[in-house]
>>> print(open('final37.cif').read())   # mmCIF, C-alpha atoms
data_data
loop_
_atom_site.label_atom_id
_atom_site.label_comp_id
_atom_site.auth_asym_id
_atom_site.auth_seq_id
_atom_site.Cartn_x
_atom_site.Cartn_y
_atom_site.Cartn_z
CA MET L 728 -17.14 15.05 5.33
CA PRO L 729 -20.18 13.33 6.91
CA TYR L 730 -22.40 11.10 4.79
CA ASP L 731 -25.42 12.94 3.38
CA PRO L 732 -27.94 10.65 1.62
CA GLN L 733 -29.32 13.61 -0.34
CA LYS L 734 -25.89 14.38 -1.74
CA HIS L 735 -24.17 10.98 -1.82
CA HIS L 736 -26.75 8.87 -3.61
CA ARG L 737 -24.88 7.39 -6.56
CA ARG L 738 -25.73 3.76 -7.18
CA SER L 739 -22.70 1.55 -6.75
CA VAL L 740 -21.67 -0.83 -9.51
CA ARG L 741 -19.88 -3.03 -6.97
CA LEU L 742 -21.24 -6.52 -6.32
CA LYS L 743 -23.15 -6.51 -3.06
CA GLY L 744 -21.40 -8.62 -0.43
CA TYR L 745 -18.31 -9.22 -2.57
CA ASP L 746 -14.99 -8.88 -0.77
CA TYR L 747 -12.90 -6.58 -2.96
CA THR L 748 -9.79 -7.42 -0.93
CA GLN L 749 -9.80 -11.08 -1.95
CA PRO L 750 -7.28 -12.47 -4.44
CA GLY L 751 -8.23 -12.17 -8.07
CA VAL L 752 -7.76 -10.07 -11.19
CA TYR L 753 -9.82 -6.95 -11.70
CA TYR L 754 -10.33 -5.00 -14.93
CA ILE L 755 -10.42 -1.25 -14.22
CA THR L 756 -11.46 1.75 -16.32
CA ILE L 757 -11.09 5.28 -14.98
CA CYS L 758 -12.24 8.27 -17.07
CA THR L 759 -11.23 11.91 -16.94
CA LYS L 760 -13.81 14.55 -16.13
CA ALA L 761 -15.99 15.20 -19.20
CA ARG L 762 -13.74 12.71 -21.05
CA GLN L 763 -11.25 15.52 -21.64
CA CYS L 764 -8.07 14.40 -23.42
CA ILE L 765 -5.43 15.54 -20.92
CA PHE L 766 -2.96 12.64 -20.99
CA GLY L 767 -1.65 12.96 -24.54
CA GLU L 768 -2.76 11.89 -27.98
CA VAL L 769 -2.87 8.85 -30.20
CA ILE L 770 -0.67 9.17 -33.29
CA ASP L 771 -0.59 6.40 -35.88
CA GLY L 772 -2.23 3.97 -33.46
CA LYS L 773 0.27 4.56 -30.64
CA MET L 774 -0.34 6.49 -27.45
CA GLN L 775 1.98 9.47 -27.03
CA LEU L 776 1.91 10.56 -23.38
CA ASN L 777 2.33 14.20 -22.50
CA PHE L 778 3.64 15.25 -19.07
CA LEU L 779 0.26 14.68 -17.37
CA GLY L 780 0.02 11.26 -19.02
CA TYR L 781 3.51 10.49 -17.77
CA LEU L 782 2.37 11.41 -14.23
CA ALA L 783 -0.66 9.09 -14.56
CA HIS L 784 1.64 6.33 -15.86
CA ILE L 785 4.16 6.69 -13.01
CA CYS L 786 1.39 6.72 -10.39
CA TRP L 787 -0.07 3.50 -11.85
CA LEU L 788 3.34 1.83 -11.67
CA ASP L 789 3.54 2.96 -8.03
CA ILE L 790 0.35 1.16 -6.89
CA PRO L 791 2.19 -2.00 -5.65
CA ASN L 792 4.47 0.19 -3.52
CA HIS L 793 1.41 1.32 -1.54
CA PHE L 794 -0.62 -1.90 -1.73
CA SER L 795 1.73 -4.82 -1.18
CA ARG L 796 -0.74 -7.52 -2.27
CA PHE L 797 -1.35 -5.81 -5.62
CA GLN L 798 0.41 -6.77 -8.84
CA LEU L 799 0.13 -4.92 -12.12
CA ASP L 800 -0.82 -6.63 -15.32
CA THR L 801 -1.51 -5.02 -18.71
CA PHE L 802 -2.53 -1.34 -18.66
CA VAL L 803 -2.67 1.69 -20.92
CA ILE L 804 -3.01 5.40 -20.30
CA MET L 805 -5.24 6.81 -23.05
CA PRO L 806 -5.93 10.51 -23.77
CA ASP L 807 -9.10 10.53 -21.66
CA HIS L 808 -9.08 7.31 -19.65
CA VAL L 809 -7.01 4.56 -18.08
CA HIS L 810 -7.56 0.82 -18.61
CA GLY L 811 -5.73 -1.62 -16.40
CA LEU L 812 -5.71 -5.08 -14.93
CA LEU L 813 -4.89 -5.23 -11.22
CA ALA L 814 -4.27 -8.53 -9.48
CA ILE L 815 -4.58 -9.06 -5.75
CA VAL L 816 -2.39 -11.96 -4.73
CA ASP L 817 -2.51 -13.79 -1.45
CA ASN L 818 1.03 -13.75 -0.13
CA THR L 819 0.03 -14.67 3.42
CA PRO L 820 1.32 -18.07 4.63
CA VAL L 821 -1.52 -20.61 4.74
CA THR L 822 -0.96 -21.35 8.45
CA THR L 823 -1.64 -17.72 9.43
CA GLN L 824 -4.47 -17.06 7.00
CA GLN L 825 -7.75 -15.91 8.40
CA ARG L 826 -10.71 -15.40 6.12
CA ARG L 827 -12.41 -12.20 7.07
CA VAL L 828 -16.03 -11.25 6.66
CA PRO L 829 -16.41 -8.85 3.70
CA THR L 830 -16.52 -5.26 4.85
CA PRO L 831 -18.62 -3.10 2.55
CA GLU L 832 -17.15 0.19 1.38
CA GLN L 833 -19.03 3.12 2.79
CA PHE L 834 -18.65 6.81 2.11
CA GLY L 835 -15.71 8.10 4.14
CA GLN L 836 -14.80 4.61 5.38
CA PRO L 837 -12.30 3.01 2.99
CA VAL L 838 -11.51 -0.68 3.34
CA ARG L 839 -7.78 -1.25 3.64
CA GLY L 840 -6.29 -3.19 0.73
CA SER L 841 -9.45 -3.14 -1.39
CA ILE L 842 -9.75 -2.33 -5.08
CA PRO L 843 -11.90 0.80 -4.45
CA THR L 844 -9.38 2.09 -1.91
CA ALA L 845 -6.45 1.51 -4.28
CA ILE L 846 -8.22 3.29 -7.16
CA ARG L 847 -9.23 6.17 -4.91
CA SER L 848 -5.59 6.47 -3.82
CA TYR L 849 -4.38 6.37 -7.44
CA LYS L 850 -6.85 9.04 -8.57
CA SER L 851 -5.93 11.20 -5.60
CA ALA L 852 -2.19 10.95 -6.31
CA VAL L 853 -2.62 11.82 -10.00
CA THR L 854 -4.91 14.72 -9.12
CA ARG L 855 -2.44 16.07 -6.55
CA PHE L 856 0.43 16.01 -9.08
CA ILE L 857 -1.67 17.58 -11.83
CA HIS L 858 -2.93 20.34 -9.53
CA ARG L 859 0.62 21.05 -8.40
CA PHE L 860 1.88 21.14 -12.00
CA CYS L 861 -1.03 23.27 -13.25
CA GLU L 862 -0.97 25.47 -10.16
CA THR L 863 -4.65 24.99 -9.48
CA THR L 864 -6.85 23.12 -7.05
CA GLU L 865 -10.14 24.09 -8.66
CA VAL L 866 -10.18 21.86 -11.72
CA PRO L 867 -11.56 18.31 -11.43
CA VAL L 868 -9.42 15.69 -13.13
CA TRP L 869 -11.55 12.54 -12.91
CA GLN L 870 -15.16 11.51 -13.30
CA ASP L 871 -16.69 10.23 -10.09
CA GLY L 872 -16.15 6.55 -9.45
CA PHE L 873 -14.67 4.03 -11.85
CA TYR L 874 -15.71 0.92 -13.74
CA GLU L 875 -14.52 -2.48 -12.58
CA SER L 876 -15.19 -6.08 -13.45
CA ILE L 877 -13.93 -9.25 -11.83
CA ILE L 878 -12.00 -11.52 -14.18
CA ARG L 879 -13.26 -15.04 -13.62
CA ASP L 880 -11.28 -17.16 -16.10
CA GLN L 881 -8.20 -17.23 -18.31
CA GLU L 882 -10.14 -16.68 -21.54
CA ILE L 883 -11.68 -13.44 -20.28
CA LEU L 884 -8.31 -12.35 -18.91
CA ASN L 885 -6.69 -12.86 -22.31
CA CYS L 886 -9.53 -10.95 -24.04
CA LYS L 887 -9.16 -8.01 -21.63
CA ARG L 888 -5.38 -7.96 -22.13
CA GLN L 889 -5.84 -7.86 -25.90
CA TYR L 890 -8.49 -5.14 -25.60
CA ILE L 891 -6.11 -2.98 -23.54
CA ILE L 892 -3.18 -3.56 -25.89
CA ASN L 893 -5.28 -2.71 -28.97
CA ASN L 894 -7.02 0.30 -27.43
CA PRO L 895 -4.72 2.94 -29.01
CA GLN L 896 -5.17 1.38 -32.46
CA ARG L 897 -8.96 1.68 -32.16
CA TRP L 898 -8.86 5.27 -30.90
CA GLY L 899 -9.82 6.90 -34.21
CA ASP L 900 -12.60 4.38 -34.96
CA ASN L 901 -15.25 6.32 -33.01
CA PRO L 902 -16.47 9.54 -34.69
CA GLN L 903 -18.87 10.13 -31.76
CA LYS L 904 -15.83 10.62 -29.52
CA LEU L 905 -14.73 13.70 -31.48
CA GLU L 906 -18.27 15.11 -31.40
CA HIS L 907 -18.48 14.50 -27.64
CA GLN L 908 -15.17 16.31 -27.07
CA LYS L 909 -16.29 19.34 -29.12
CA ASN L 910 -19.44 19.71 -27.01
CA HIS L 911 -17.70 19.73 -23.62
CA PRO L 912 -15.86 22.64 -22.04
CA ILE L 913 -12.09 22.50 -21.72
CA LEU L 914 -11.24 21.97 -18.07
CA LEU L 915 -7.46 21.82 -18.27
CA ASP L 916 -6.24 23.94 -21.16
CA LEU L 917 -2.58 23.03 -21.35
CA ARG L 918 -0.15 23.60 -24.16
CA PHE L 919 2.87 21.29 -24.32
#
>>> encode(input="final37.cif", output="structure tokens")
Amino acid sequence: MPYDPQKHHRRSVRLKGYDYTQPGVYYITICTKARQCIFGEVIDGKMQLNFLGYLAHICWLDIPNHFSRFQLDTFVIMPDHVHGLLAIVDNTPVTTQQRRVPTPEQFGQPVRGSIPTAIRSYKSAVTRFIHRFCETTEVPVWQDGFYESIIRDQEILNCKRQYIINNPQRWGDNPQKLEHQKNHPILLDLRF
């Protein structure tokens, strides 16, 4: 699909000029379309994955098989979103290393080995499995884009890990979440 500035005008949250293929740890949040709870439910502070949640979980575990420089850290599949820490490690021998000029992501031109490309691949894989399972190709699974932040020190990394681990326990603490879910149409109406 060619780039159309009238249609593809979302403002990027990516840092301008930052090389999202460079080693580091990245905190990722990906939300389902309309924040619909399709991956399971939280019971007594623990996430109980349904089959679609299991698919999302397996696809997350599979990321390093498709992106060899990626390592998984703490992550959780929640009913309507995914939180995870992805690390890009530099496993290239120092003598053969070449620092490349950052290549900005552009619509329809993914950058090999970058965080946006890996997340796009993950979302695509989960969507493909869900559409196959639900026998549909019409229903959107994810919100456009994703949230990411670059982890710059150990203290922030530890805070993000704790946030992810505690996320299921805090699930019921937000009454606005229930109100939001009541006011949005059901996109994937599945009974398990």
>>> atom_distance(input="final37.cif", atom1="atom CA of Phe794 of chain L", atom2="atom CA of Arg847 of chain L")
12.2 Å
>>> residues_around(input="final37.cif", residues="Leu813 of chain L", least_positions_apart="6", cutoff="8 Å", atoms="all atoms listed in the file", output="ChimeraX atom specification")
/L:752-755,797-800
>>> resolve_selection(input="final37.cif", expression="the PyMOL selection byres ((chain L and resi 840-844) around 9)", output="list of chain:residue names")
L:Asp746, L:Tyr747, L:Thr748, L:Gln749, L:Tyr753, L:Phe794, L:Ser795, L:Arg796, L:Phe797, L:Leu813, L:Ile815, L:Glu832, L:Pro837, L:Val838, L:Arg839, L:Ala845, L:Ile846, L:Arg847, L:Ser848, L:Tyr849, L:Gly872, L:Phe873, L:Glu875
>>> write_last_selection(input="final37.cif", atoms="C-alpha atoms", output="mmCIF file, keeping the file's coordinate frame")
data_model
loop_
_atom_site.group_PDB
_atom_site.id
_atom_site.type_symbol
_atom_site.label_atom_id
_atom_site.label_comp_id
_atom_site.auth_asym_id
_atom_site.auth_seq_id
_atom_site.Cartn_x
_atom_site.Cartn_y
_atom_site.Cartn_z
ATOM 1 C CA ASP L 746 -14.990 -8.880 -0.770
ATOM 2 C CA TYR L 747 -12.900 -6.580 -2.960
ATOM 3 C CA THR L 748 -9.790 -7.420 -0.930
ATOM 4 C CA GLN L 749 -9.800 -11.080 -1.950
ATOM 5 C CA TYR L 753 -9.820 -6.950 -11.700
ATOM 6 C CA PHE L 794 -0.620 -1.900 -1.730
ATOM 7 C CA SER L 795 1.730 -4.820 -1.180
ATOM 8 C CA ARG L 796 -0.740 -7.520 -2.270
ATOM 9 C CA PHE L 797 -1.350 -5.810 -5.620
ATOM 10 C CA LEU L 813 -4.890 -5.230 -11.220
ATOM 11 C CA ILE L 815 -4.580 -9.060 -5.750
ATOM 12 C CA GLU L 832 -17.150 0.190 1.380
ATOM 13 C CA PRO L 837 -12.300 3.010 2.990
ATOM 14 C CA VAL L 838 -11.510 -0.680 3.340
ATOM 15 C CA ARG L 839 -7.780 -1.250 3.640
ATOM 16 C CA ALA L 845 -6.450 1.510 -4.280
ATOM 17 C CA ILE L 846 -8.220 3.290 -7.160
ATOM 18 C CA ARG L 847 -9.230 6.170 -4.910
ATOM 19 C CA SER L 848 -5.590 6.470 -3.820
ATOM 20 C CA TYR L 849 -4.380 6.370 -7.440
ATOM 21 C CA GLY L 872 -16.150 6.550 -9.450
ATOM 22 C CA PHE L 873 -14.670 4.030 -11.850
ATOM 23 C CA GLU L 875 -14.520 -2.480 -12.580
#
>>> residues_around(input="final37.cif", residues="Ile891 of chain L", least_positions_apart="6", cutoff="9 Å", atoms="only C-alpha atoms", output="ChimeraX atom specification")
/L:801-803,810-812
>>> atom_distance(input="final37.cif", atom1="atom CA of Gly767 of chain L", atom2="atom CA of Asn893 of chain L")
16.7 Å
>>> resolve_selection(input="final37.cif", expression="the PyMOL selection byres ((chain L and resi 851) around 12)", output="list in words")
Leu782, Ala783, Cys786, Trp787, Ile790, Thr844, Ala845, Ile846, Arg847, Ser848, Tyr849, Lys850, Ala852, Val853, Thr854, Arg855, Phe856, Ile857, His858, Pro867, Val868, Trp869, Asp871 and Gly872 of chain L
>>> closest_residue(input="final37.cif", among="L:Asn792, L:Gln896, L:Gln775, L:Gln889", to="Ile804 of chain L", atoms="all atoms listed in the file")
L:Gln775
>>> atom_distance(input="final37.cif", atom1="atom CA of Thr756 of chain L", atom2="atom CA of Arg888 of chain L")
12.8 Å
>>> axis_aligned_box(input="final37.cif", around="segment 881-887 of chain L", padding_each_side="8 Å", output="lines of an AutoDock Vina configuration file")
center_x = -9.2
center_y = -12.6
center_z = -21.2
size_x = 21.0
size_y = 25.2
size_z = 21.7
>>> resolve_selection(input="final37.cif", expression="the PyMOL selection byres ((chain L and resi 759) around 6)", output="list of chain:residue names")
L:Cys758, L:Lys760, L:Arg762, L:Gln763, L:Asp807, L:His808, L:Val868, L:Trp869, L:Gln870
>>> closest_residue(input="final37.cif", among="L:Lys773, L:Phe778, L:Leu788, L:Pro806", to="Ile757 of chain L", atoms="all atoms listed in the file")
L:Pro806
